[in-house]
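Following: one structure in structure tokens, then a few remarks.
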Amino acid sequence: MEKNKVTIIDIQKMKSEGKKIAALTAYDYPFAKLIDEAGIDIILVGDSLGMTVLGYENTLPVTLEDIIYHTKAVKRGVKSALLVADMPFMSYQVSIDDALKNAGRLIKEGGAEAVKLEGGIAMQEIVNAIAEVGIPVMGHIGLTPQSIHKFGGYKVQGRKSIQARDIIEDAKALEDAGAFSIVLEGIPLELAKEITQKVKIPTIGIGAGQFCDGQVMVIHDIIGLSGEFKPKFVKRYVEGGEIIKNAVKEYIKDVADGNFPTDDHSYFMEERHLRPVQKGTKT
Ligand code: KIV
């Protein structure tokens, strides 16, 4: 049975009904279609595409044009999931005007139904301005990858209570600003639990433990397409990279050995007597 279209109202209702929200990233049409058909609630075109599909070291080089291009492709594969597009580094931090214009492009050109941006109190006005024009905003706090240089790398945030208090304030600021949900990334599970209890909007965790209202993962991480990258918070459901590599090796061998293509993969002339080879024969 086909799942109904998921809206931000459904996502918020899931929190009040105690139903967990499942979110995944997607960056292209085939993955979006598969993930959507599997019944995911939210698809995020994350700026993680910088690493997963563009081969950058981090998310910082990703442009608004990159996100729009990939969101368009994902949109074509999505029927029911809520489609959220990430606002890349420096597409919303400079001014409210910039943030509004760029969030608008993700909706208008990309076809997203909501945008995500990183930051708490510092982004409160910007989140509020975007939400006020009717664009749903997903907040993102904790280990925010666009601030890796400030953090000195990908380090769990909020382990000390003074830092934890700031992250709680960030969450409240986002709720007050009108965000419809918040991603909590790379924080201790106790802190994520406290935030989840303190705010009415859903929290969606990544490396934030089991007490969040939902979880988001990078699709490449859970299906084994991120190579050696296997952080503690990721559960790998399949070694997709190995499966693909083995299939490619078999293909190379088949071509080298003359076992592909066979007649089964070939077209024939209409006049049977003109056929150059018999089925199954190698030339
Ligand atoms: O860019 C991304 O994929 C993200 C999620 C992992 C939350 O921000």
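How things are named: the first chain in the structure tokens is A, the next is B, and so on; residues count from 1 in each chain; ligands count from 1 in the order shown.
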- Item | Protein and nucleic acid residues within 10 Å of ligand 1 (only C-alpha atoms and all ligand atoms) as a count of residues only | 47
All alpha helix (DSSP H) positions in range 145-279 of chain A, as a CSV table (one decimal) with N, CA, C and O atoms, in the first residue's frame:
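Once everything was written out, this is result05.csv:
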```csv
chain,number,residue,atom,x,y,z
A,148,ILE,N,33.2,22.9,11.4
A,148,ILE,CA,34.4,22.0,11.9
A,148,ILE,C,35.6,22.8,12.2
A,148,ILE,O,36.4,22.4,13.1
A,149,HIS,N,35.9,23.9,11.5
A,149,HIS,CA,37.1,24.6,11.8
A,149,HIS,C,37.1,25.2,13.2
A,149,HIS,O,38.1,25.3,13.9
A,150,LYS,N,35.9,25.7,13.6
A,150,LYS,CA,35.7,26.2,14.9
A,150,LYS,C,35.9,25.1,16.0
A,150,LYS,O,36.5,25.3,17.0
A,151,PHE,N,35.3,23.9,15.7
A,151,PHE,CA,35.4,22.8,16.7
A,151,PHE,C,36.7,22.1,16.7
A,151,PHE,O,37.0,21.3,17.6
A,161,SER,N,28.8,20.2,31.1
A,161,SER,CA,27.5,20.8,31.4
A,161,SER,C,27.3,22.2,30.9
A,161,SER,O,26.3,22.6,30.5
A,162,ILE,N,28.4,23.0,31.0
A,162,ILE,CA,28.3,24.4,30.5
A,162,ILE,C,28.0,24.5,29.0
A,162,ILE,O,27.2,25.3,28.6
A,163,GLN,N,28.7,23.6,28.3
A,163,GLN,CA,28.4,23.5,26.8
A,163,GLN,C,27.0,22.9,26.5
A,163,GLN,O,26.3,23.4,25.6
A,164,ALA,N,26.7,22.0,27.4
A,164,ALA,CA,25.3,21.3,27.2
A,164,ALA,C,24.2,22.4,27.4
A,164,ALA,O,23.2,22.4,26.6
A,165,ARG,N,24.4,23.3,28.3
A,165,ARG,CA,23.4,24.3,28.6
A,165,ARG,C,23.3,25.2,27.4
A,165,ARG,O,22.1,25.6,27.0
A,166,ASP,N,24.4,25.5,26.7
A,166,ASP,CA,24.3,26.4,25.5
A,166,ASP,C,23.5,25.7,24.4
A,166,ASP,O,22.7,26.3,23.7
A,167,ILE,N,23.7,24.4,24.3
A,167,ILE,CA,23.0,23.6,23.2
A,167,ILE,C,21.5,23.5,23.5
A,167,ILE,O,20.7,23.6,22.6
A,168,ILE,N,21.2,23.5,24.8
A,168,ILE,CA,19.7,23.5,25.2
A,168,ILE,C,19.1,24.8,24.8
A,168,ILE,O,18.0,24.9,24.3
A,169,GLU,N,19.9,25.9,25.1
A,169,GLU,CA,19.4,27.3,24.8
A,169,GLU,C,19.3,27.4,23.2
A,169,GLU,O,18.3,28.0,22.8
A,170,ASP,N,20.2,26.8,22.5
A,170,ASP,CA,20.1,26.8,21.0
A,170,ASP,C,18.8,26.1,20.6
A,170,ASP,O,18.1,26.6,19.7
A,171,ALA,N,18.5,25.0,21.2
A,171,ALA,CA,17.2,24.3,20.8
A,171,ALA,C,16.0,25.1,21.1
A,171,ALA,O,15.1,25.2,20.3
A,172,LYS,N,16.0,25.8,22.3
A,172,LYS,CA,14.8,26.6,22.6
A,172,LYS,C,14.7,27.8,21.7
A,172,LYS,O,13.6,28.2,21.3
A,173,ALA,N,15.9,28.3,21.3
A,173,ALA,CA,15.8,29.5,20.4
A,173,ALA,C,15.2,29.1,19.0
A,173,ALA,O,14.5,29.9,18.5
A,174,LEU,N,15.6,27.9,18.6
A,174,LEU,CA,15.1,27.4,17.3
A,174,LEU,C,13.6,27.2,17.4
A,174,LEU,O,12.8,27.6,16.4
A,175,GLU,N,13.1,26.6,18.5
A,175,GLU,CA,11.7,26.4,18.7
A,175,GLU,C,10.9,27.8,18.7
A,175,GLU,O,9.9,27.9,18.0
A,176,ASP,N,11.5,28.7,19.4
A,176,ASP,CA,10.9,30.1,19.5
A,176,ASP,C,10.9,30.7,18.1
A,176,ASP,O,10.0,31.5,17.8
A,177,ALA,N,11.9,30.5,17.4
A,177,ALA,CA,12.0,31.1,16.0
A,177,ALA,C,11.0,30.5,15.0
A,177,ALA,O,10.9,31.1,13.9
A,189,LEU,N,23.8,11.2,24.6
A,189,LEU,CA,22.4,10.8,24.6
A,189,LEU,C,21.6,11.5,25.8
A,189,LEU,O,20.4,11.8,25.6
A,190,GLU,N,22.3,11.7,26.9
A,190,GLU,CA,21.5,12.4,28.0
A,190,GLU,C,21.1,13.8,27.7
A,190,GLU,O,20.0,14.2,28.0
A,191,LEU,N,21.9,14.5,26.9
A,191,LEU,CA,21.6,15.9,26.5
A,191,LEU,C,20.5,15.8,25.5
A,191,LEU,O,19.6,16.6,25.5
A,192,ALA,N,20.6,14.9,24.5
A,192,ALA,CA,19.6,14.8,23.5
A,192,ALA,C,18.2,14.5,24.1
A,192,ALA,O,17.2,15.0,23.7
A,193,LYS,N,18.2,13.6,25.2
A,193,LYS,CA,17.0,13.3,25.9
A,193,LYS,C,16.4,14.5,26.5
A,193,LYS,O,15.2,14.7,26.4
A,194,GLU,N,17.2,15.3,27.2
A,194,GLU,CA,16.7,16.5,27.9
A,194,GLU,C,16.1,17.5,26.9
A,194,GLU,O,15.1,18.0,27.1
A,195,ILE,N,16.8,17.7,25.8
A,195,ILE,CA,16.3,18.6,24.8
A,195,ILE,C,15.0,18.1,24.2
A,195,ILE,O,14.0,18.8,24.1
A,196,THR,N,14.9,16.8,23.9
A,196,THR,CA,13.7,16.2,23.4
A,196,THR,C,12.5,16.4,24.3
A,196,THR,O,11.4,16.6,23.9
A,197,GLN,N,12.8,16.3,25.6
A,197,GLN,CA,11.7,16.6,26.6
A,197,GLN,C,11.4,18.0,26.7
A,197,GLN,O,10.2,18.4,27.0
A,198,LYS,N,12.4,18.9,26.5
A,198,LYS,CA,12.1,20.3,26.7
A,198,LYS,C,11.5,21.1,25.6
A,198,LYS,O,10.9,22.1,25.8
A,219,ILE,N,22.6,8.0,3.8
A,219,ILE,CA,22.3,6.7,3.1
A,219,ILE,C,23.6,6.0,2.8
A,219,ILE,O,23.7,4.7,3.0
A,220,HIS,N,24.6,6.7,2.3
A,220,HIS,CA,25.9,6.0,1.9
A,220,HIS,C,26.5,5.3,3.2
A,220,HIS,O,27.2,4.3,3.0
A,221,ASP,N,26.3,5.9,4.3
A,221,ASP,CA,26.9,5.3,5.6
A,221,ASP,C,26.2,3.9,5.9
A,221,ASP,O,26.9,3.0,6.3
A,222,ILE,N,24.9,3.9,5.8
A,222,ILE,CA,24.2,2.7,6.3
A,222,ILE,C,24.2,1.6,5.3
A,222,ILE,O,23.9,0.4,5.6
A,240,GLY,N,27.4,-2.6,0.8
A,240,GLY,CA,27.1,-2.3,-0.6
A,240,GLY,C,28.3,-2.1,-1.4
A,240,GLY,O,28.3,-2.5,-2.6
A,241,GLY,N,29.3,-1.4,-0.8
A,241,GLY,CA,30.5,-1.2,-1.6
A,241,GLY,C,31.2,-2.5,-2.1
A,241,GLY,O,31.6,-2.6,-3.2
A,242,GLU,N,31.2,-3.5,-1.2
A,242,GLU,CA,31.8,-4.8,-1.5
A,242,GLU,C,31.0,-5.5,-2.6
A,242,GLU,O,31.5,-6.1,-3.5
A,243,ILE,N,29.6,-5.4,-2.4
A,243,ILE,CA,28.7,-6.1,-3.4
A,243,ILE,C,28.9,-5.5,-4.8
A,243,ILE,O,29.1,-6.2,-5.8
A,244,ILE,N,29.0,-4.1,-4.8
A,244,ILE,CA,29.2,-3.5,-6.1
A,244,ILE,C,30.5,-3.8,-6.7
A,244,ILE,O,30.6,-4.2,-7.9
A,245,LYS,N,31.6,-3.8,-5.9
A,245,LYS,CA,32.9,-4.1,-6.4
A,245,LYS,C,33.0,-5.5,-7.0
A,245,LYS,O,33.6,-5.7,-8.0
A,246,ASN,N,32.4,-6.5,-6.2
A,246,ASN,CA,32.4,-7.8,-6.7
A,246,ASN,C,31.7,-8.0,-8.0
A,246,ASN,O,32.1,-8.8,-8.9
A,247,ALA,N,30.6,-7.3,-8.1
A,247,ALA,CA,29.8,-7.4,-9.3
A,247,ALA,C,30.6,-6.8,-10.5
A,247,ALA,O,30.6,-7.4,-11.6
A,248,VAL,N,31.3,-5.7,-10.3
A,248,VAL,CA,32.1,-5.1,-11.3
A,248,VAL,C,33.2,-6.1,-11.7
A,248,VAL,O,33.5,-6.3,-12.9
A,249,LYS,N,33.9,-6.7,-10.7
A,249,LYS,CA,34.9,-7.7,-11.0
A,249,LYS,C,34.5,-8.8,-11.9
A,249,LYS,O,35.1,-9.3,-12.8
A,250,GLU,N,33.2,-9.3,-11.5
A,250,GLU,CA,32.7,-10.4,-12.3
A,250,GLU,C,32.4,-10.0,-13.7
A,250,GLU,O,32.7,-10.8,-14.7
A,251,TYR,N,31.9,-8.8,-13.9
A,251,TYR,CA,31.6,-8.2,-15.2
A,251,TYR,C,32.9,-8.1,-16.0
A,251,TYR,O,33.0,-8.6,-17.2
A,252,ILE,N,34.0,-7.6,-15.4
A,252,ILE,CA,35.3,-7.5,-16.1
A,252,ILE,C,35.8,-8.8,-16.6
A,252,ILE,O,36.2,-9.0,-17.7
A,253,LYS,N,35.6,-9.8,-15.7
A,253,LYS,CA,36.1,-11.2,-16.0
A,253,LYS,C,35.3,-11.8,-17.1
A,253,LYS,O,35.8,-12.4,-18.0
A,254,ASP,N,34.0,-11.6,-17.1
A,254,ASP,CA,33.1,-12.1,-18.1
A,254,ASP,C,33.4,-11.5,-19.5
A,254,ASP,O,33.5,-12.3,-20.5
A,255,VAL,N,33.7,-10.2,-19.5
A,255,VAL,CA,34.1,-9.6,-20.8
A,255,VAL,C,35.4,-10.2,-21.3
A,255,VAL,O,35.5,-10.6,-22.4
A,256,ALA,N,36.4,-10.2,-20.3
A,256,ALA,CA,37.7,-10.7,-20.7
A,256,ALA,C,37.6,-12.2,-21.2
A,256,ALA,O,38.3,-12.5,-22.1
A,257,ASP,N,36.8,-13.0,-20.5
A,257,ASP,CA,36.7,-14.4,-20.9
A,257,ASP,C,35.7,-14.7,-22.1
A,257,ASP,O,35.5,-15.8,-22.5
```
**Report entry** Close residues, Leu82 in chain A itself excluded, 8 Å, only C-alpha atoms, min 3 positions apart in chain, as a list in words
**Finding:** Lys5, Val6, Thr7, Ile8, Asp41, Ile42, Ile43, Glu113 and Ala114 of chain A
Could you pull out the residues in range 86-171 of chain A that DSSP calls strand (DSSP E) from the backbone, as a PyMOL selection string? chain A and resi 86+114-116+137-142
Kindly save the residues from that selection, with N, CA and C atoms included, as a PDB file, in the first residue's frame.
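Listed below is the output, part_36.pdb:
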```pdb
ATOM      1  N   ASP A  86      19.129  21.015   2.267  1.00  0.00           N
ATOM      2  CA  ASP A  86      20.091  21.692   3.145  1.00  0.00           C
ATOM      3  C   ASP A  86      20.494  23.043   2.573  1.00  0.00           C
ATOM      4  N   ALA A 114      10.872  21.967   2.535  1.00  0.00           N
ATOM      5  CA  ALA A 114      11.401  22.585   3.756  1.00  0.00           C
ATOM      6  C   ALA A 114      12.899  22.749   3.546  1.00  0.00           C
ATOM      7  N   VAL A 115      13.515  23.610   4.362  1.00  0.00           N
ATOM      8  CA  VAL A 115      14.972  23.769   4.291  1.00  0.00           C
ATOM      9  C   VAL A 115      15.570  23.468   5.665  1.00  0.00           C
ATOM     10  N   LYS A 116      16.838  23.096   5.659  1.00  0.00           N
ATOM     11  CA  LYS A 116      17.557  22.870   6.924  1.00  0.00           C
ATOM     12  C   LYS A 116      18.758  23.801   6.957  1.00  0.00           C
ATOM     13  N   VAL A 137      11.321  25.368   8.371  1.00  0.00           N
ATOM     14  CA  VAL A 137      12.762  25.286   8.641  1.00  0.00           C
ATOM     15  C   VAL A 137      13.049  24.172   9.647  1.00  0.00           C
ATOM     16  N   MET A 138      14.029  23.336   9.273  1.00  0.00           N
ATOM     17  CA  MET A 138      14.548  22.318  10.184  1.00  0.00           C
ATOM     18  C   MET A 138      15.861  22.889  10.733  1.00  0.00           C
ATOM     19  N   GLY A 139      15.965  22.996  12.062  1.00  0.00           N
ATOM     20  CA  GLY A 139      17.204  23.475  12.660  1.00  0.00           C
ATOM     21  C   GLY A 139      18.230  22.349  12.736  1.00  0.00           C
ATOM     22  N   HIS A 140      19.452  22.676  13.115  1.00  0.00           N
ATOM     23  CA  HIS A 140      20.514  21.660  13.194  1.00  0.00           C
ATOM     24  C   HIS A 140      21.553  22.191  14.180  1.00  0.00           C
ATOM     25  N   ILE A 141      21.683  21.527  15.316  1.00  0.00           N
ATOM     26  CA  ILE A 141      22.620  21.999  16.347  1.00  0.00           C
ATOM     27  C   ILE A 141      23.472  20.838  16.885  1.00  0.00           C
ATOM     28  N   GLY A 142      24.442  21.210  17.724  1.00  0.00           N
ATOM     29  CA  GLY A 142      25.371  20.208  18.264  1.00  0.00           C
ATOM     30  C   GLY A 142      26.629  20.237  17.418  1.00  0.00           C
TER      31      GLY A 142
END
```
A straight line from CA of Lys72 in chain A to CA of Leu106 in chain A spans 9.1 Å
- Looking at only C-alpha atoms, which of A:Pro231, A:Lys101, A:Tyr92, A:Asp36 is the one that sits closest to Tyr154 in chain A?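 Of A:Pro231, A:Lys101, A:Tyr92, A:Asp36, the one nearest Tyr154 in chain A is A:Pro231, counting only C-alpha atoms.
Nearest residue to Val74 in chain A among A:Leu60, A:Ile107, A:Lys33, A:Asp97 is A:Lys33, counting only C-alpha atoms.
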Nearest to Lys160 in chain A, chosen from A:Ala22, A:Ala179, A:Ile187, A:Ala208, with only C-alpha atoms counted in the distances: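 Distance minimum relative to Lys160 in chain A lands on A:Ile187.
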d(CA of Gly104 in chain A, CA of Gly77 in chain A) in Å:
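Spanning CA of Gly104 in chain A to CA of Gly77 in chain A is a straight-line distance of 21.1 Å.
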- request: Could you tell me how far CA of Lys3 in chain A lies from CA of Thr203 in chain A, in Å and to one decimal?
  value: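 Interatomic distance, CA of Lys3 in chain A to CA of Thr203 in chain A: 22.3 Å.
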Any idea what's packed within 10 Å of Met90 in chain A, counting only C-alpha atoms, ignoring anything in its chain fewer than 3 positions away? Could you give it as a list in words?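 Within the cut-off, the hits are Leu60, Pro61, Val62, Thr63, Leu64, Met87, Gln93, Val94, Ser95, Asp98, Ala99 and Gln146 of chain A.
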